[in-house]
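Text of work.txt, listed as compact mmCIF, C-alpha atoms and all ligand atoms:
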# COMPACT_ATOMS: atom_id res chain seq x y z
CA MET A 1491 -18.03 -0.61 -19.19
CA ASP A 1492 -14.42 0.63 -18.83
CA ASN A 1493 -12.13 -2.10 -17.63
CA LEU A 1494 -8.64 -2.66 -16.30
CA SER A 1495 -5.84 -3.55 -18.73
CA VAL A 1496 -4.60 -6.31 -16.36
CA GLU A 1497 -6.02 -9.72 -15.34
CA HIS A 1498 -4.48 -9.62 -11.83
CA LEU A 1499 -3.32 -6.81 -9.54
CA ILE A 1500 0.28 -7.80 -8.90
CA GLY A 1501 2.04 -4.43 -9.01
CA ILE A 1502 1.56 -0.78 -9.96
CA LYS A 1503 4.33 -1.28 -12.51
CA ASP A 1504 1.85 -3.23 -14.68
CA LEU A 1505 -0.93 -0.59 -14.55
CA THR A 1506 -1.54 2.25 -16.99
CA GLU A 1507 -2.49 5.75 -15.87
CA ASN A 1508 -6.00 4.99 -17.21
CA ASP A 1509 -6.21 1.93 -14.92
CA ILE A 1510 -5.33 4.06 -11.91
CA GLN A 1511 -7.81 6.80 -12.85
CA LEU A 1512 -10.51 4.14 -13.38
CA ILE A 1513 -9.83 2.71 -9.91
CA PHE A 1514 -10.06 6.25 -8.44
CA LYS A 1515 -13.30 7.05 -10.26
CA THR A 1516 -14.81 3.75 -9.08
CA ALA A 1517 -13.53 4.38 -5.54
CA ASP A 1518 -15.26 7.80 -5.55
CA SER A 1519 -18.62 6.03 -6.07
CA PHE A 1520 -17.89 3.43 -3.40
CA LYS A 1521 -16.74 6.10 -0.94
CA GLU A 1522 -20.08 7.82 -1.34
CA ILE A 1523 -21.88 4.49 -0.76
CA ILE A 1524 -19.94 3.54 2.38
CA ASN A 1525 -20.83 6.87 3.95
CA ARG A 1526 -24.56 6.11 3.59
CA PRO A 1527 -26.57 4.51 6.42
CA ILE A 1528 -26.77 1.29 4.30
CA LYS A 1529 -23.17 0.71 3.32
CA LYS A 1530 -23.54 -2.50 1.34
CA VAL A 1531 -24.10 -3.16 -2.40
CA PRO A 1532 -24.95 -6.54 -4.00
CA SER A 1533 -22.28 -6.22 -6.75
CA LEU A 1534 -20.23 -9.33 -5.86
CA ARG A 1535 -22.98 -11.68 -4.70
CA ASP A 1536 -21.94 -15.21 -5.83
CA ILE A 1537 -18.20 -14.29 -5.84
CA THR A 1538 -15.99 -16.04 -3.28
CA ILE A 1539 -12.74 -14.44 -2.17
CA ALA A 1540 -9.97 -15.98 -0.05
CA ASN A 1541 -7.67 -13.71 1.95
CA LEU A 1542 -4.38 -15.55 2.44
CA PHE A 1543 -2.00 -13.86 4.86
CA PHE A 1544 1.43 -15.47 5.27
CA GLU A 1545 2.68 -12.31 7.07
CA ASN A 1546 1.20 -10.14 9.81
CA SER A 1547 -1.21 -7.36 8.89
CA THR A 1548 -3.80 -5.16 10.56
CA ARG A 1549 -4.89 -2.48 8.06
CA THR A 1550 -4.61 -4.40 4.77
CA ARG A 1551 -6.32 -7.58 6.02
CA LEU A 1552 -9.21 -5.82 7.75
CA SER A 1553 -9.62 -3.31 4.94
CA PHE A 1554 -9.82 -6.00 2.24
CA GLU A 1555 -12.25 -8.06 4.31
CA LEU A 1556 -14.50 -5.06 4.92
CA ALA A 1557 -14.30 -4.02 1.25
CA GLN A 1558 -15.31 -7.54 0.15
CA LYS A 1559 -18.20 -7.69 2.64
CA ARG A 1560 -19.43 -4.23 1.57
CA LEU A 1561 -19.58 -5.69 -1.99
CA SER A 1562 -21.53 -8.74 -0.67
CA ALA A 1563 -18.82 -11.27 -1.62
CA ASP A 1564 -18.45 -14.52 0.33
CA VAL A 1565 -15.16 -14.28 2.23
CA ILE A 1566 -12.82 -16.84 3.76
CA ASN A 1567 -9.73 -15.86 5.75
CA PHE A 1568 -6.51 -17.78 6.12
CA SER A 1569 -3.61 -16.94 8.39
CA ALA A 1570 -0.40 -18.95 7.93
CA SER A 1571 0.44 -18.82 11.63
CA SER A 1572 -2.63 -20.95 12.49
CA SER A 1573 -2.61 -23.20 9.39
CA SER A 1574 -1.11 -26.43 8.07
CA VAL A 1575 1.75 -24.36 6.57
CA LYS A 1576 3.19 -24.87 10.05
CA LYS A 1577 3.16 -28.65 9.30
CA GLY A 1578 5.18 -28.18 6.09
CA GLU A 1579 2.45 -27.66 3.43
CA THR A 1580 3.73 -25.66 0.41
CA LEU A 1581 2.24 -22.43 -0.95
CA ILE A 1582 0.88 -24.08 -4.09
CA ASP A 1583 -0.66 -27.04 -2.19
CA THR A 1584 -2.22 -24.64 0.30
CA VAL A 1585 -3.71 -22.50 -2.47
CA ASN A 1586 -4.90 -25.47 -4.57
CA ASN A 1587 -6.72 -26.87 -1.54
CA ILE A 1588 -8.42 -23.52 -1.00
CA LEU A 1589 -9.26 -23.13 -4.69
CA SER A 1590 -10.88 -26.58 -4.80
CA MET A 1591 -13.52 -24.99 -2.53
CA LYS A 1592 -14.50 -22.91 -5.63
CA VAL A 1593 -12.77 -19.63 -4.83
CA ASP A 1594 -12.86 -16.93 -7.55
CA MET A 1595 -10.27 -14.49 -6.23
CA VAL A 1596 -7.26 -14.63 -3.90
CA VAL A 1597 -5.85 -11.69 -1.95
CA MET A 1598 -2.39 -12.70 -0.76
CA ARG A 1599 0.31 -11.23 1.46
CA HIS A 1600 3.56 -13.19 1.42
CA PRO A 1601 7.13 -12.52 2.63
CA ASN A 1602 8.70 -13.56 -0.70
CA PRO A 1603 8.96 -11.03 -3.58
CA GLY A 1604 7.26 -12.54 -6.65
CA ALA A 1605 4.91 -14.82 -4.69
CA ALA A 1606 1.74 -13.17 -6.06
CA HIS A 1607 3.04 -13.30 -9.64
CA PHE A 1608 4.01 -16.96 -9.19
CA LEU A 1609 0.50 -17.75 -8.00
CA SER A 1610 -1.08 -15.92 -10.93
CA THR A 1611 0.77 -18.23 -13.34
CA LYS A 1612 -0.38 -21.40 -11.53
CA VAL A 1613 -4.08 -20.93 -10.70
CA LYS A 1614 -7.24 -19.80 -12.47
CA ALA A 1615 -8.42 -17.39 -9.76
CA LYS A 1616 -7.81 -13.62 -9.97
CA ILE A 1617 -4.90 -12.60 -7.72
CA ILE A 1618 -4.49 -9.36 -5.76
CA ASN A 1619 -1.09 -8.76 -4.22
CA ALA A 1620 -1.50 -7.49 -0.65
CA GLY A 1621 2.28 -7.09 -0.26
CA ASP A 1622 5.03 -9.46 -1.44
CA GLY A 1623 8.20 -9.06 0.62
CA THR A 1624 10.21 -6.00 -0.38
CA HIS A 1625 8.64 -5.88 -3.88
CA GLU A 1626 5.22 -4.17 -4.22
CA HIS A 1627 2.11 -3.28 -2.20
CA PRO A 1628 -0.14 -1.94 -4.98
CA THR A 1629 -3.33 -1.19 -3.06
CA GLN A 1630 -1.34 0.80 -0.46
CA ALA A 1631 0.09 3.01 -3.21
CA LEU A 1632 -3.36 3.43 -4.76
CA LEU A 1633 -4.92 4.51 -1.46
CA ASP A 1634 -1.94 6.82 -0.77
CA ALA A 1635 -2.26 8.58 -4.14
CA TYR A 1636 -6.07 8.69 -3.77
CA SER A 1637 -5.62 10.40 -0.39
CA ILE A 1638 -3.22 12.99 -1.87
CA ARG A 1639 -5.76 13.66 -4.65
CA GLU A 1640 -8.49 14.08 -2.02
CA ARG A 1641 -6.43 16.50 0.13
CA LEU A 1642 -4.68 18.51 -2.62
CA GLY A 1643 -7.18 18.20 -5.50
CA ASP A 1644 -4.75 16.41 -7.85
CA VAL A 1645 -1.60 14.30 -7.82
CA ALA A 1646 -0.15 15.69 -11.06
CA GLY A 1647 2.49 18.35 -10.45
CA LYS A 1648 2.80 17.62 -6.71
CA LYS A 1649 6.16 16.99 -5.05
CA VAL A 1650 6.19 13.94 -2.77
CA VAL A 1651 9.10 12.84 -0.58
CA ILE A 1652 9.21 9.29 0.79
CA VAL A 1653 11.34 9.23 3.93
CA GLY A 1654 13.03 6.30 5.66
CA ASP A 1655 13.75 2.66 4.96
CA ILE A 1656 13.43 2.72 1.16
CA LEU A 1657 15.65 -0.37 0.81
CA HIS A 1658 13.19 -2.76 2.48
CA SER A 1659 9.95 -0.99 1.52
CA ARG A 1660 7.37 -2.37 -0.91
CA VAL A 1661 5.30 0.72 -0.13
CA ALA A 1662 8.09 2.97 -1.47
CA LEU A 1663 8.43 1.10 -4.77
CA SER A 1664 4.68 0.97 -5.43
CA ASN A 1665 4.34 4.65 -4.47
CA ILE A 1666 7.15 5.66 -6.84
CA TYR A 1667 5.46 3.88 -9.78
CA CYS A 1668 1.99 5.18 -8.91
CA LEU A 1669 2.92 8.81 -8.24
CA GLN A 1670 5.05 9.05 -11.39
CA LYS A 1671 2.30 7.52 -13.57
CA LEU A 1672 -0.02 10.22 -12.20
CA GLY A 1673 2.45 13.03 -12.96
CA ALA A 1674 3.93 13.75 -9.52
CA GLU A 1675 7.62 14.36 -8.81
CA VAL A 1676 9.12 11.91 -6.32
CA MET A 1677 12.10 12.22 -3.97
CA VAL A 1678 13.42 9.62 -1.53
CA CYS A 1679 15.19 10.65 1.68
CA GLY A 1680 17.07 8.59 4.25
CA PRO A 1681 20.50 7.38 5.30
CA THR A 1682 22.73 6.22 2.40
CA THR A 1683 22.56 2.65 3.71
CA LEU A 1684 18.76 2.57 3.38
CA ILE A 1685 18.56 4.00 -0.18
CA PRO A 1686 19.07 1.31 -2.86
CA LYS A 1687 21.64 2.15 -5.53
CA TYR A 1688 19.21 1.45 -8.42
CA ILE A 1689 16.70 4.03 -7.22
CA GLN A 1690 17.94 6.89 -9.42
CA ASP A 1691 17.30 4.70 -12.48
CA LEU A 1692 13.59 5.05 -11.59
CA GLY A 1693 13.79 8.81 -12.12
CA VAL A 1694 13.46 9.85 -8.47
CA LYS A 1695 15.51 12.50 -6.69
CA VAL A 1696 17.67 11.41 -3.73
CA GLU A 1697 18.26 13.62 -0.67
CA HIS A 1698 19.99 12.62 2.56
CA ASN A 1699 19.07 15.78 4.49
CA LEU A 1700 15.52 15.71 5.88
CA ARG A 1701 15.27 19.50 6.22
CA LYS A 1702 16.14 20.04 2.53
CA ALA A 1703 13.66 17.32 1.50
CA LEU A 1704 10.87 18.94 3.50
CA ASP A 1705 11.68 22.38 2.04
CA TRP A 1706 11.22 20.83 -1.43
CA CYS A 1707 8.02 18.81 -0.98
CA ASP A 1708 4.24 19.29 -0.79
CA VAL A 1709 3.76 15.87 0.83
CA ALA A 1710 5.98 13.80 3.15
CA ASN A 1711 5.28 10.07 3.37
CA MET A 1712 7.09 8.77 6.48
CA LEU A 1713 8.01 5.08 6.46
CA ARG A 1714 8.66 2.70 9.31
CA ILE A 1715 12.13 1.22 9.80
CA GLN A 1716 11.52 -2.46 8.91
CA LEU A 1717 13.67 -4.06 11.59
CA GLU A 1718 12.12 -7.47 10.83
CA ARG A 1719 13.69 -7.41 7.33
CA GLN A 1720 17.11 -6.15 8.45
CA ASP A 1721 19.71 -8.81 9.17
CA ILE A 1722 22.55 -6.30 9.62
CA LYS A 1723 22.76 -2.85 11.26
CA TYR A 1724 22.11 0.00 8.79
CA PHE A 1725 22.51 2.87 11.31
CA PRO A 1726 23.99 3.16 14.82
CA SER A 1727 20.75 3.34 16.84
CA LEU A 1728 17.02 4.13 16.53
CA ARG A 1729 17.67 7.23 18.66
CA GLU A 1730 20.22 8.55 16.18
CA TYR A 1731 17.94 7.68 13.23
CA SER A 1732 15.10 9.55 14.90
CA MET A 1733 17.28 12.62 15.51
CA GLN A 1734 18.22 12.80 11.80
CA TYR A 1735 15.13 11.51 10.03
CA GLY A 1736 12.26 11.69 12.54
CA LEU A 1737 9.49 14.18 11.73
CA ASN A 1738 8.62 16.36 14.74
CA LYS A 1739 6.62 19.54 15.43
CA GLU A 1740 9.73 21.74 15.58
CA ILE A 1741 10.95 20.95 12.07
CA LEU A 1742 7.41 20.96 10.66
CA GLY A 1743 6.64 24.33 12.27
CA SER A 1744 9.90 25.86 10.98
CA LEU A 1745 8.92 25.31 7.30
CA ASP A 1746 7.52 28.30 5.41
CA LYS A 1747 4.52 26.25 4.18
CA GLU A 1748 2.09 23.60 5.43
CA ILE A 1749 2.97 20.20 3.99
CA VAL A 1750 0.75 17.10 4.08
CA VAL A 1751 2.03 14.28 6.32
CA MET A 1752 1.36 10.62 5.48
CA HIS A 1753 2.30 7.22 6.91
CA PRO A 1754 1.19 3.79 5.64
CA GLY A 1755 1.24 2.33 9.19
CA PRO A 1756 2.05 0.66 11.44
CA ILE A 1757 3.57 3.76 13.08
CA ASN A 1758 6.51 3.58 15.46
CA ARG A 1759 5.65 6.74 17.41
CA GLY A 1760 8.75 8.63 18.49
CA VAL A 1761 10.97 6.97 15.85
CA GLU A 1762 10.00 8.14 12.30
CA ILE A 1763 7.23 10.47 13.50
CA THR A 1764 6.28 12.04 16.82
CA SER A 1765 2.76 11.65 18.22
CA ASP A 1766 1.97 15.37 17.95
CA VAL A 1767 2.72 15.25 14.19
CA ALA A 1768 0.93 11.92 13.60
CA ASP A 1769 -2.19 13.30 15.29
CA SER A 1770 -1.98 16.84 13.84
CA LYS A 1771 -4.31 18.39 11.24
CA GLN A 1772 -1.51 18.16 8.66
CA SER A 1773 -1.58 14.37 9.01
CA ILE A 1774 -3.89 12.37 6.71
CA ILE A 1775 -2.90 9.00 8.22
CA LEU A 1776 -6.44 8.01 9.22
CA ASP A 1777 -7.85 9.34 5.90
CA GLN A 1778 -5.48 6.89 4.21
CA VAL A 1779 -6.99 4.03 6.25
CA GLU A 1780 -10.56 5.19 5.52
CA ASN A 1781 -9.84 5.54 1.81
CA GLY A 1782 -8.27 2.07 1.79
CA VAL A 1783 -11.73 0.47 2.01
CA ALA A 1784 -13.15 2.39 -0.99
CA VAL A 1785 -10.00 1.88 -3.08
CA ARG A 1786 -9.92 -1.86 -2.31
CA MET A 1787 -13.63 -2.13 -3.11
CA ALA A 1788 -12.87 -0.50 -6.46
CA ALA A 1789 -9.90 -2.73 -7.32
CA THR A 1790 -11.77 -5.88 -6.24
CA TYR A 1791 -14.94 -4.93 -8.14
CA LEU A 1792 -13.06 -4.11 -11.36
CA LEU A 1793 -11.03 -7.34 -11.29
CA ALA A 1794 -14.11 -9.40 -10.41
CA SER A 1795 -15.81 -8.09 -13.57
CA LYS A 1796 -13.16 -10.05 -15.51
CA ILE A 1797 -13.97 -13.41 -13.89
CA GLU A 1798 -15.25 -15.90 -16.49
CA ARG A 1799 -18.47 -17.52 -15.31
N1 LIG B 1801 0.11 -0.45 5.64
C1 LIG B 1801 0.04 -1.77 5.83
O1 LIG B 1801 0.29 -2.57 4.92
O2 LIG B 1801 -0.31 -2.12 7.10
P1 LIG B 1801 -0.51 -3.63 7.62
O3 LIG B 1801 0.86 -4.28 7.58
O4 LIG B 1801 -1.07 -3.50 9.01
O5 LIG B 1801 -1.47 -4.30 6.67
Once more with this new file: its structure as structure tokens, please.
Ligand code: CP
Amino acid sequence: MDNLSVEHLIGIKDLTENDIQLIFKTADSFKEIINRPIKKVPSLRDITIANLFFENSTRTRLSFELAQKRLSADVINFSASSSSVKKGETLIDTVNNILSMKVDMVVMRHPNPGAAHFLSTKVKAKIINAGDGTHEHPTQALLDAYSIRERLGDVAGKKVVIVGDILHSRVALSNIYCLQKLGAEVMVCGPTTLIPKYIQDLGVKVEHNLRKALDWCDVANMLRIQLERQDIKYFPSLREYSMQYGLNKEILGSLDKEIVVMHPGPINRGVEITSDVADSKQSIILDQVENGVAVRMAATYLLASKIER
């Protein structure tokens, strides 16, 4: 059987193009299965997976849990806000306690960049990074690229602009790595204060004018302003940000082509995207969520095949 080149899924940076194509091919099979009346396969019977969320999540947490249950894994869920972390327990003590219950794989979201990598060097279980601070969110980038492939037939040769708070976005970094490995051209667009200086070293184009960015692209991925990660003001007001960088029907309708609109969620309607655009036929936002289950089934299944038993 084909297999991944990595032992853990920490970031897209570590994956080869073959890894990504293998995940997509496997996700195609799982997508077909989860659209059947009986949506479950016995592939991961006897595998136990712990979902450890030290940060809030709706899509990623539910999508991983559903993916694991569709594969017949045993699943335990941990949320830091209702755990003994609140009493001062460290990350490594928390995880070692959970692993002593014979857990084979850990899916972890954590506010600190590098937390998933740190864990992978300390424990025997396979680790999947479900978002580590401002660093990477690999399964989000995989489901985003998979959704572009589904809508446009291929990712190679497509022009994708990522708009908004690039500075604080793990989704942006993972998307840049993933899209480039698959042969797409990537541009970032936003206010100067929200575009990190190193970004051009990654081979992406930078544009501060939304209209010019939209004229260039085939796909626009609109990001949320991550106010929870901003300790200073990066722009005068959300209203002004929305006027300059918000995607609305007027600007979309004035383009001489029909671009694909994406958003990783959660959406702040009326800030980075208006409701009529988010809910339009150009939007693939809910396709992204649907594809997230198949892509996470694929990543989980492929990593689980490397567990020593
Ligand atoms: N896209 C994403 O990571 O959403 P959640 O924060 O709800 O998991």
Contacts of ligand LIG 1801 (chain B), 9 Å or closer, only C-alpha atoms and all ligand atoms, given as a list in words: Glu1545, Asn1546, Ser1547, Thr1548, Arg1549, Thr1550, Arg1551, Leu1552, Ser1553, Arg1599, Ala1620, Gly1621, His1627, Thr1629, Gln1630, Val1661, His1753, Pro1754, Gly1755, Pro1756 and Val1779 of chain A
Long-range neighbours of Ser1569 (chain A) as a ChimeraX atom specification, 7 Å cut-off, all atoms listed in the file, 2 positions minimum in chain: /A:1542-1544,1567,1571-1573
Expected file contents, prior selection, C-alpha atoms, as a CSV table (one decimal), in the coordinates of the input:
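Everything below was put into result_23.csv:
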chain,number,residue,atom,x,y,z
A,1542,LEU,CA,-4.4,-15.6,2.4
A,1543,PHE,CA,-2.0,-13.9,4.9
A,1544,PHE,CA,1.4,-15.5,5.3
A,1567,ASN,CA,-9.7,-15.9,5.8
A,1571,SER,CA,0.4,-18.8,11.6
A,1572,SER,CA,-2.6,-21.0,12.5
A,1573,SER,CA,-2.6,-23.2,9.4
Hey, which bits of region 1622-1665 of chain A sit within 7 Å of region 1495-1514 of chain A, and for each residue what's the closest pair of atoms and how far apart in Å (one decimal), counting all atoms listed in the file, rows by chain and increasing number, as JSON lines?
{"residue": "A:Glu1626", "atom": "CA", "partner": "A:Gly1501", "partner_atom": "CA", "distance": 5.8}
{"residue": "A:His1627", "atom": "CA", "partner": "A:Gly1501", "partner_atom": "CA", "distance": 6.9}
{"residue": "A:Pro1628", "atom": "CA", "partner": "A:Gly1501", "partner_atom": "CA", "distance": 5.2}
{"residue": "A:Tyr1636", "atom": "CA", "partner": "A:Phe1514", "partner_atom": "CA", "distance": 6.6}
{"residue": "A:Ser1664", "atom": "CA", "partner": "A:Ile1502", "partner_atom": "CA", "distance": 5.8}
Residue with smallest distance to Val1709 (chain A) - pool A:Val1613, A:Val1575, A:Ala1674, A:Met1752, counting only C-alpha atoms: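 Result for the nearest residue to Val1709 (chain A): A:Met1752.
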Nearest-residue call for His1600 (chain A), choices A:Asn1586, A:Asn1619, A:Asn1493, A:Gln1772, using only C-alpha atoms: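 Going through A:Asn1586, A:Asn1619, A:Asn1493, A:Gln1772 one by one, the smallest distance to His1600 (chain A) is for A:Asn1619.
Restricting the calculation to all atoms listed in the file, the smallest distance between Val1651 (chain A) and any of A:His1607, A:Lys1702, A:Lys1592, A:Lys1687 is found for A:Lys1702.
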Best match for closeness to Ser1773 (chain A) among A:Ile1638, A:Leu1534, A:Ile1588, A:Leu1692, counting all atoms listed in the file: A:Ile1638
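Among the candidates A:Glu1522, A:Glu1730, A:Asp1769, A:Asp1536, the one nearest to Lys1559 (chain A) when counting all atoms listed in the file is A:Asp1536.
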Pick from A:Lys1747, A:Lys1530, A:Arg1799, A:Arg1786, whichever lies nearest to Asp1634 (chain A) using all atoms listed in the file: A:Arg1786
Exercise: Glu1748 (chain A) partners within 12 Å, all atoms listed in the file, chain neighbours under 3 positions left out, as an MDAnalysis selection string: chainID A and resid 1642 1704:1710 1739 1741:1745 1751 1770:1773
Selection as a PyMOL selection string: residues within 9 Å of (-18.5, -10.6, -12.4), counting all atoms listed in the file: chain A and resi 1533-1537+1791-1799
Test item: which residues lie within 8 Å of (-16.0, -8.2, 0.5) counting all atoms listed in the file, as an MDAnalysis selection string: chainID A and resid 1534 1539 1554:1565 1787
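Note that the spacing between CA of Glu1762 (chain A) and CA of Gly1643 (chain A) amounts to 26.7 Å.
The space between CA of Ala1540 (chain A) and CA of Ala1570 (chain A) spans 12.8 Å.
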Nearby residues (all atoms listed in the file) at most 7 Å from Val1645 (chain A), same-chain spacing under 3 positions excluded, as an mmCIF file with C-alpha atoms, in the frame of the given file:
data_model
loop_
_atom_site.group_PDB
_atom_site.id
_atom_site.type_symbol
_atom_site.label_atom_id
_atom_site.label_comp_id
_atom_site.auth_asym_id
_atom_site.auth_seq_id
_atom_site.Cartn_x
_atom_site.Cartn_y
_atom_site.Cartn_z
ATOM 1 C CA ALA A 1635 -2.260 8.580 -4.140
ATOM 2 C CA ILE A 1638 -3.220 12.990 -1.870
ATOM 3 C CA ARG A 1639 -5.760 13.660 -4.650
ATOM 4 C CA LYS A 1648 2.800 17.620 -6.710
ATOM 5 C CA LEU A 1672 -0.020 10.220 -12.200
ATOM 6 C CA GLY A 1673 2.450 13.030 -12.960
ATOM 7 C CA ALA A 1674 3.930 13.750 -9.520
#
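Take CA of Pro1532 (chain A) and CA of Lys1616 (chain A): the distance between them is 19.5 Å.
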Could you write out as JSON the box around region 1678-1689 of chain A (axis-aligned, all atoms listed in the file, 5 Å on each side), with centre and edge lengths in Å to one decimal?
{"center_x": 18.1, "center_y": 6.0, "center_z": -1.6, "size_x": 19.3, "size_y": 19.3, "size_z": 23.7}
Selection near Thr1682 (chain A), 9 Å with all atoms listed in the file, sequence-local residues under 4 positions removed, as a ChimeraX atom specification: /A:1686-1687,1698,1724
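The residue set within 8 Å of Ile1656 (chain A), counting all atoms listed in the file and dropping same-chain residues fewer than 5 places from it, reads Ala1662, Leu1663, Val1678, Gly1680, Leu1684, Ile1685, Pro1686 and Leu1713 of chain A.
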Just the selected residues (C-alpha atoms), exported as a PDB file, keeping the file's coordinate frame, please.
ATOM      1  CA  ALA A1662       8.090   2.970  -1.470  1.00  0.00           C
ATOM      2  CA  LEU A1663       8.430   1.100  -4.770  1.00  0.00           C
ATOM      3  CA  VAL A1678      13.420   9.620  -1.530  1.00  0.00           C
ATOM      4  CA  GLY A1680      17.070   8.590   4.250  1.00  0.00           C
ATOM      5  CA  LEU A1684      18.760   2.570   3.380  1.00  0.00           C
ATOM      6  CA  ILE A1685      18.560   4.000  -0.180  1.00  0.00           C
ATOM      7  CA  PRO A1686      19.070   1.310  -2.860  1.00  0.00           C
ATOM      8  CA  LEU A1713       8.010   5.080   6.460  1.00  0.00           C
TER       9      LEU A1713
END
